[in-house]
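Everything below concerns the one structure shown next.
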Amino acid sequence: MNEALDPGLRRLAELHGVATSYSPAPDRTVAASAGAVTAALGALGVDASTPDAVRTALADRERELAERLLPPTVVHWAGTGEIALGLPAGTRLEVRTEDGESRSDVEDLPLGVHLLTAAAPDGRTARAHLVVAPERLPTPATRSYGILVQLYSLLSRRSWGMGDLGDLAELADWAGRTAGAGFVQVNPLHAAVPGAPTDPSPYRPSSRRFPDPVHLRPEAVPEYAEYAEYAEDTATGPGTATGAVTGRAAVTGRAVRAAVTDRAEALRSAVLDQGALIDRDAVWELKREALEKAAAAPLAPGRQAAYDAFRAAEGQALEDHATWYALAERHGSDWHRWPAELRDPRSPETARARAELADRVGFHSRLAWLTVTQLTAAQRAAREAGMPVGIVHDLAVGVHPAGADAWAQQDHFAAGMSVGAPPDAFNARGQDWGLPPWRPDRLAASGHAPFRELLRALFRYAGALRIDHVMGLFRLWWVPQGSPPTEGTYVRYDAEAMLALLALEATRAGAVVIGEDLGTVEPGVRETLERHGVFGTSVLWFERDWDGDGRPLPPARWRADCLATATTHDLPPTAARLTGEHVELRDRLGLLTRPLAEERAEAAADTAEWLALLTRLGLLAAADTGDEEAEIRAVHRFLLRTPARMIGVWLPDTVGDRRPQNLPGTWDQYPNWRLPIADAKGRPVTLEELTASERVRALFRTLHTDRPSTA
């Protein structure tokens with residue numbers, strides 16, 4: 001039992017947005033420990049280590065708030081009336097819009113992030129970031145269904161050992177034109193922390209701002225196609241100008257490329273034909289070699305102009321990103337272990353190292369541009385195929401503490417803290433995700449610049465954005481490093497400002513936003529998200545009448561503003577759940593907390609209830625009970641009966657895959673994030689086989705034919 005907090009510490013925590021208790025259930029409140037609260041305050045730069053320190057910090061904070069004219073960030077929802085600022089009478093206001101225009105009238109401002117200046121009659125002045133945003137985000141023009149897939153798992157006969165952006169474009173093109181799909185949702189494609197082995201989880205990236213070049217299709221890079229003419233052994237011959245290429249050099253270049261092609265085929269065959277796991281490190285090693293060769297070829301004038309424009313637009317962020325990767329090649333992939341002077345991205349020593357490594361910095365900058373170019377091409381292919389949404393990208397909740405973002409933006413991260421989750425009915429020990437949280441005070445002071453720039457970067461090539469753990473816009477569970485997750489506490493963020501920026505950037509891009517809001521959600525959060533047009537996520541097996549009899553929720557009672565699915569990457573595929581194989585898998589890995597017989601019985605009863613409902617609704621014929629394909633089609637017919645505006649089909653479900661892509665609670669015991677899509681027998685299935693499969697086509701015909709025509 002935690003001791004009662006000192007009233008002064010409690011008040012200090014409240015004024016800094018640090019929670020002193022949490023409610024894992026509506027009828028239960030748990031107090032945070034004094035140690036957790038003190039540590040969170042310390043990470044915010046507030047000394048609460050002694051009673052005297054608490055009294056001093058409290059007096060300072062109360063005085064600061066009393067004297068403050070404006071908060072760091074002010075939000076105005078366009079079309080909702082006057083901006084309520086609560087300023088003293090006679091205060092003069094001036095706004096400099098993001099376009100550089102000066103205005104004294106603050107009631108008719110364009111959408112954007114502007115600079116607001118206030119001058120009170122008593123001589124006080126203040127500046128704040130003023131976010132003017134639409135009250136609601138865009139929503140899909142029509143109701144649609146789409147595909148959910150982990151891109152690395154989708155191999156074609158052209159992949160280099162894992163799915164790539166060429167495969168994504170092909171899938172979107174086929175699904176839009178042939179299957180009538182409206183979107184394809186993928187896993188986070190953020191840049192990973194390099195290393196051997198690389199952390200395979202797409203949810204612990206080095207950077208969320210820039211994508212990972214491992215997803216590139218080298219053959220789609222024009223310079224790769226031309227690099228035989230610019231081989232490493234470029235030589236001059238009689239009668240040629242300096243730097244021209246002899247036939248011998250070109251032949252050697254083609255031989256090098258042929259050798260790369262052979263190695264790519266070996267990687268692909270190992271996964272598709274020999275049962276090997278996806279080896280991201282081997283794939284990247286080969287692609288890096290090929291792309292380094294391609295980088296020797298000069299860009300054509302138009303492409304050079306496009307690259308120059310990209311570098312200018314991305315500015316310091318791209319330079320920092322590329323510098324981190326260049327330094328990581330020399331000093332390792334954890335910047336905390338670099339020479340002390342290089343741990344600061346703004347130090348003179350870092351500037352000198354950047355100049356010394358200019359070639360490598362340039363290479364990594366080009367990789368970022370090439371990847372963004374192919375991501376943009378995939379979205380263009382999706383829209384040209386008739387998809388109203390296109391590619392749905394996934395935004396991870398945070399970044400790896402050793403990676404590029406944590407180095408470049410370290411002033412915005414809370415040192416010594418990690419994001420996680422408190423103990424609940426599903427995990428009595430709580431969770432520590434190993435991701436450093438942003439500091440809400442530093443975000444607010446910058447006008448939430450890192451968040452704003454992140455959104456702009458992602459919306460550049462996204463038709464929609466899924467936000468993992470969307471509740472993190474409101475609060476995050478901070479765990480002090482070295483402490484168990486039970487010794488954490490919640491820290492609040494300016495949810496209104498973050499939602500306003502989300503609405504602003506999504507509107508500018510014409511993109512939809514889907515929030516992953518599964519699990520325990522603070523009261524009022526779902527309602528706020530719905531009011532602003534952020535879709536939720538509803539998974540069939542979790543949708544029960546929890547406030548009533550606990551039975552499966554009838555389709556008419558599902559919410560409309562959501563992405564409705566049968567499963568996700570963290571849950572068993574539908575075939576495994578229908579057959580009970582997910583219980584057997586957890587038993588083999590020693591993950592069950594109750595006797596196997598109990599777990600089997602509960603899972604069977606859960607499935608039987610859902611199948612009975614499908615039968616009562618006429619979605620599953622009694623004669624088809626036990627027919628796996630028919631039952632999976634019935635599950636998706638049920639989703640079509642709901643009012644959900646977006647319906648997602650887990651692509652492995654279309655071929656009867658039994659294996660989850662990720663099994664929470666495991667590390668080495670299970671090959672998380674390394675499995676190709678496979679059929680019911682575990683045989684890998686290629687993109688070409690998927691699109692030709694009658695089983696797949698039958699399911700998509702069901703979705704296309706049975707889909708209600710409501711807009």
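Chain labels run A, B, ... following the order of the structure tokens; each chain numbers its residues from 1, and ligands are numbered from 1 in the order shown.
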Excluding Ser538 of chain A and residues on its chain fewer than 3 positions from it, collect all residues at most 7 Å away from it, counting only C-alpha atoms, and give them as a ChimeraX atom specification. /A:543,562-565
The selected residues should be written to file as a PDB file, in the first residue's frame (atoms: N, CA, C and O atoms).
ATOM      1  N   GLU A 543     -15.719  -7.086 -28.874  1.00  0.00           N
ATOM      2  CA  GLU A 543     -16.948  -6.288 -28.878  1.00  0.00           C
ATOM      3  C   GLU A 543     -18.093  -7.086 -28.251  1.00  0.00           C
ATOM      4  O   GLU A 543     -18.791  -7.834 -28.916  1.00  0.00           O
ATOM      5  N   CYS A 562     -15.272   4.068 -36.950  1.00  0.00           N
ATOM      6  CA  CYS A 562     -14.194   3.168 -36.528  1.00  0.00           C
ATOM      7  C   CYS A 562     -13.714   2.340 -37.702  1.00  0.00           C
ATOM      8  O   CYS A 562     -14.363   2.255 -38.755  1.00  0.00           O
ATOM      9  N   LEU A 563     -12.563   1.740 -37.501  1.00  0.00           N
ATOM     10  CA  LEU A 563     -12.060   0.670 -38.361  1.00  0.00           C
ATOM     11  C   LEU A 563     -12.404  -0.626 -37.649  1.00  0.00           C
ATOM     12  O   LEU A 563     -11.912  -0.882 -36.535  1.00  0.00           O
ATOM     13  N   ALA A 564     -13.273  -1.432 -38.245  1.00  0.00           N
ATOM     14  CA  ALA A 564     -13.707  -2.695 -37.647  1.00  0.00           C
ATOM     15  C   ALA A 564     -12.932  -3.843 -38.276  1.00  0.00           C
ATOM     16  O   ALA A 564     -12.837  -3.938 -39.502  1.00  0.00           O
ATOM     17  N   THR A 565     -12.382  -4.713 -37.445  1.00  0.00           N
ATOM     18  CA  THR A 565     -11.583  -5.833 -37.932  1.00  0.00           C
ATOM     19  C   THR A 565     -11.887  -7.087 -37.130  1.00  0.00           C
ATOM     20  O   THR A 565     -12.499  -7.032 -36.062  1.00  0.00           O
TER      21      THR A 565
END
Segment 338-441 of chain A residues near segment 164-179 of chain A within 9 Å, closest pair each, using only C-alpha atoms, as a tab-separated table:
residue	atom	partner	partner_atom	distance
A:Thr371	CA	A:Leu165	CA	8.5
A:Gln374	CA	A:Leu165	CA	6.5
A:Leu375	CA	A:Leu165	CA	6.7
A:Ala377	CA	A:Ala169	CA	7.4
A:Ala378	CA	A:Ala169	CA	4.4
A:Gln379	CA	A:Ala169	CA	7.4
A:Arg380	CA	A:Ala169	CA	8.5
A:Ala381	CA	A:Asp173	CA	5.9
A:Ala382	CA	A:Ala172	CA	5.0
A:Arg383	CA	A:Gly176	CA	8.2
A:Glu384	CA	A:Asp173	CA	7.8
A:Ala385	CA	A:Gly176	CA	4.9
A:Gly386	CA	A:Gly176	CA	5.6
A:Met387	CA	A:Gly176	CA	5.5
A:Gly390	CA	A:Ala172	CA	7.5
A:Ile391	CA	A:Ala172	CA	7.8
Could you pull out the residues in segment 319-554 of chain A that DSSP calls alpha helix (DSSP H) from the backbone, as a PyMOL selection string? chain A and resi 319-331+348-356+358-384+404-408+440-445+449-459+495-509+525-531
Please list as an MDAnalysis selection string every residue within 8 Å of segment 137-143 of chain A, counting only C-alpha atoms and excluding residues in the same chain fewer than 3 positions away. chainID A and resid 134 388:389 502:504 506:507 510:513 532:534 644:646 709:711
Could you save those same residues with C-alpha atoms as a PDB file, in the first residue's frame?
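This went into selection15.pdb:
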ATOM      1  CA  PRO A 134     -10.840  22.759 -38.160  1.00  0.00           C
ATOM      2  CA  PRO A 388     -10.731   6.456 -51.896  1.00  0.00           C
ATOM      3  CA  VAL A 389      -8.203   6.325 -49.032  1.00  0.00           C
ATOM      4  CA  LEU A 502      -3.665  16.513 -36.024  1.00  0.00           C
ATOM      5  CA  ALA A 503      -6.838  18.070 -37.455  1.00  0.00           C
ATOM      6  CA  LEU A 504      -4.866  20.836 -39.147  1.00  0.00           C
ATOM      7  CA  ALA A 506      -4.813  15.868 -41.746  1.00  0.00           C
ATOM      8  CA  THR A 507      -7.100  18.451 -43.327  1.00  0.00           C
ATOM      9  CA  GLY A 510      -7.013  15.304 -47.037  1.00  0.00           C
ATOM     10  CA  ALA A 511      -6.208  12.285 -44.857  1.00  0.00           C
ATOM     11  CA  VAL A 512      -8.194  10.173 -42.396  1.00  0.00           C
ATOM     12  CA  VAL A 513      -6.945   9.405 -38.865  1.00  0.00           C
ATOM     13  CA  HIS A 532     -13.045  15.677 -33.558  1.00  0.00           C
ATOM     14  CA  GLY A 533     -13.426  12.973 -36.191  1.00  0.00           C
ATOM     15  CA  VAL A 534     -10.695  10.560 -35.095  1.00  0.00           C
ATOM     16  CA  ALA A 644     -18.386   0.846 -39.267  1.00  0.00           C
ATOM     17  CA  ARG A 645     -17.130   3.230 -41.946  1.00  0.00           C
ATOM     18  CA  MET A 646     -13.955   1.221 -42.532  1.00  0.00           C
ATOM     19  CA  SER A 709     -23.972   1.099 -50.421  1.00  0.00           C
ATOM     20  CA  THR A 710     -24.318   3.635 -47.597  1.00  0.00           C
ATOM     21  CA  ALA A 711     -22.059   6.651 -47.911  1.00  0.00           C
TER      22      ALA A 711
END
Enumerate as a PyMOL selection string all residues of segment 374-409 of chain A assigned to strand (DSSP E or B) by DSSP on the backbone, naming them with the chain letters and numbers the document uses. chain A and resi 390-395
If you keep C-alpha atoms, can you produce a file of those selected residues as a compact mmCIF listing (two decimals), in the first residue's frame?
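New file again.txt:
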# COMPACT_ATOMS: atom_id res chain seq x y z
CA GLY A 390 -5.11 4.51 -50.28
CA ILE A 391 -2.24 3.58 -48.00
CA VAL A 392 -2.87 3.74 -44.25
CA HIS A 393 0.41 4.27 -42.43
CA ASP A 394 1.00 3.41 -38.79
CA LEU A 395 2.54 5.83 -36.28
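Reported to one decimal place, the separation of atom CA of Arg683 of chain A from atom CA of Asp273 of chain A is 8.4 Å.
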Non-local contacts of Ala270 of chain A (12 Å; only C-alpha atoms; under 3 positions in same chain excluded) as number ranges by chain: A: 155, 159-162, 263-267, 273-279, 282-283, 676, 684
Residues within 7 Å of segment 36-42 of chain A, please, as a PDB file with N, CA and C atoms, in the first residue's frame. Count only C-alpha atoms; anything in the same chain fewer than 3 positions from it doesn't count.
ATOM      1  N   ALA A  13       2.492  18.290  -8.103  1.00  0.00           N
ATOM      2  CA  ALA A  13       2.299  17.341  -9.199  1.00  0.00           C
ATOM      3  C   ALA A  13       1.120  17.761 -10.072  1.00  0.00           C
ATOM      4  N   VAL A  18       1.276  15.898 -13.465  1.00  0.00           N
ATOM      5  CA  VAL A  18       1.698  14.568 -13.018  1.00  0.00           C
ATOM      6  C   VAL A  18       0.603  13.988 -12.129  1.00  0.00           C
ATOM      7  N   THR A  20      -1.342  11.672  -9.413  1.00  0.00           N
ATOM      8  CA  THR A  20      -1.002  11.087  -8.110  1.00  0.00           C
ATOM      9  C   THR A  20      -1.806   9.819  -7.840  1.00  0.00           C
ATOM     10  N   ALA A  32      -0.462   6.668  -6.651  1.00  0.00           N
ATOM     11  CA  ALA A  32       0.921   6.595  -7.119  1.00  0.00           C
ATOM     12  C   ALA A  32       1.858   6.781  -5.938  1.00  0.00           C
ATOM     13  N   SER A  33       3.028   6.171  -6.007  1.00  0.00           N
ATOM     14  CA  SER A  33       3.989   6.307  -4.922  1.00  0.00           C
ATOM     15  C   SER A  33       4.654   7.675  -4.971  1.00  0.00           C
ATOM     16  N   GLY A  45      12.249  18.600 -14.862  1.00  0.00           N
ATOM     17  CA  GLY A  45      13.103  19.684 -14.395  1.00  0.00           C
ATOM     18  C   GLY A  45      12.647  20.317 -13.103  1.00  0.00           C
ATOM     19  N   VAL A  46      11.818  19.615 -12.333  1.00  0.00           N
ATOM     20  CA  VAL A  46      11.287  20.150 -11.078  1.00  0.00           C
ATOM     21  C   VAL A  46      11.858  19.347  -9.916  1.00  0.00           C
ATOM     22  N   ASP A  47      12.568  20.001  -9.028  1.00  0.00           N
ATOM     23  CA  ASP A  47      13.174  19.347  -7.870  1.00  0.00           C
ATOM     24  C   ASP A  47      12.132  19.187  -6.776  1.00  0.00           C
ATOM     25  N   ALA A  48      11.780  17.940  -6.482  1.00  0.00           N
ATOM     26  CA  ALA A  48      10.834  17.641  -5.405  1.00  0.00           C
ATOM     27  C   ALA A  48      11.440  16.617  -4.457  1.00  0.00           C
ATOM     28  N   SER A  49      12.766  16.654  -4.342  1.00  0.00           N
ATOM     29  CA  SER A  49      13.476  15.609  -3.597  1.00  0.00           C
ATOM     30  C   SER A  49      13.377  15.759  -2.088  1.00  0.00           C
ATOM     31  N   PRO A 480      10.083   5.213 -14.202  1.00  0.00           N
ATOM     32  CA  PRO A 480      11.492   5.575 -13.989  1.00  0.00           C
ATOM     33  C   PRO A 480      12.405   4.414 -14.350  1.00  0.00           C
ATOM     34  N   GLU A 487       5.771   0.968 -10.471  1.00  0.00           N
ATOM     35  CA  GLU A 487       6.236   2.193  -9.808  1.00  0.00           C
ATOM     36  C   GLU A 487       6.238   3.389 -10.759  1.00  0.00           C
ATOM     37  N   GLY A 488       5.262   3.418 -11.674  1.00  0.00           N
ATOM     38  CA  GLY A 488       5.138   4.538 -12.585  1.00  0.00           C
ATOM     39  C   GLY A 488       3.960   5.417 -12.222  1.00  0.00           C
ATOM     40  N   THR A 489       3.725   6.419 -13.041  1.00  0.00           N
ATOM     41  CA  THR A 489       2.548   7.276 -12.886  1.00  0.00           C
ATOM     42  C   THR A 489       2.245   7.933 -14.220  1.00  0.00           C
TER      43      THR A 489
END
Using only C-alpha atoms, determine which residues lie at most 8 Å from segment 597-609 of chain A, disregarding the query and same-chain residues fewer than 4 positions distant; provide the list as a ChimeraX atom specification. /A:551-552,577-578,580,583,592,613
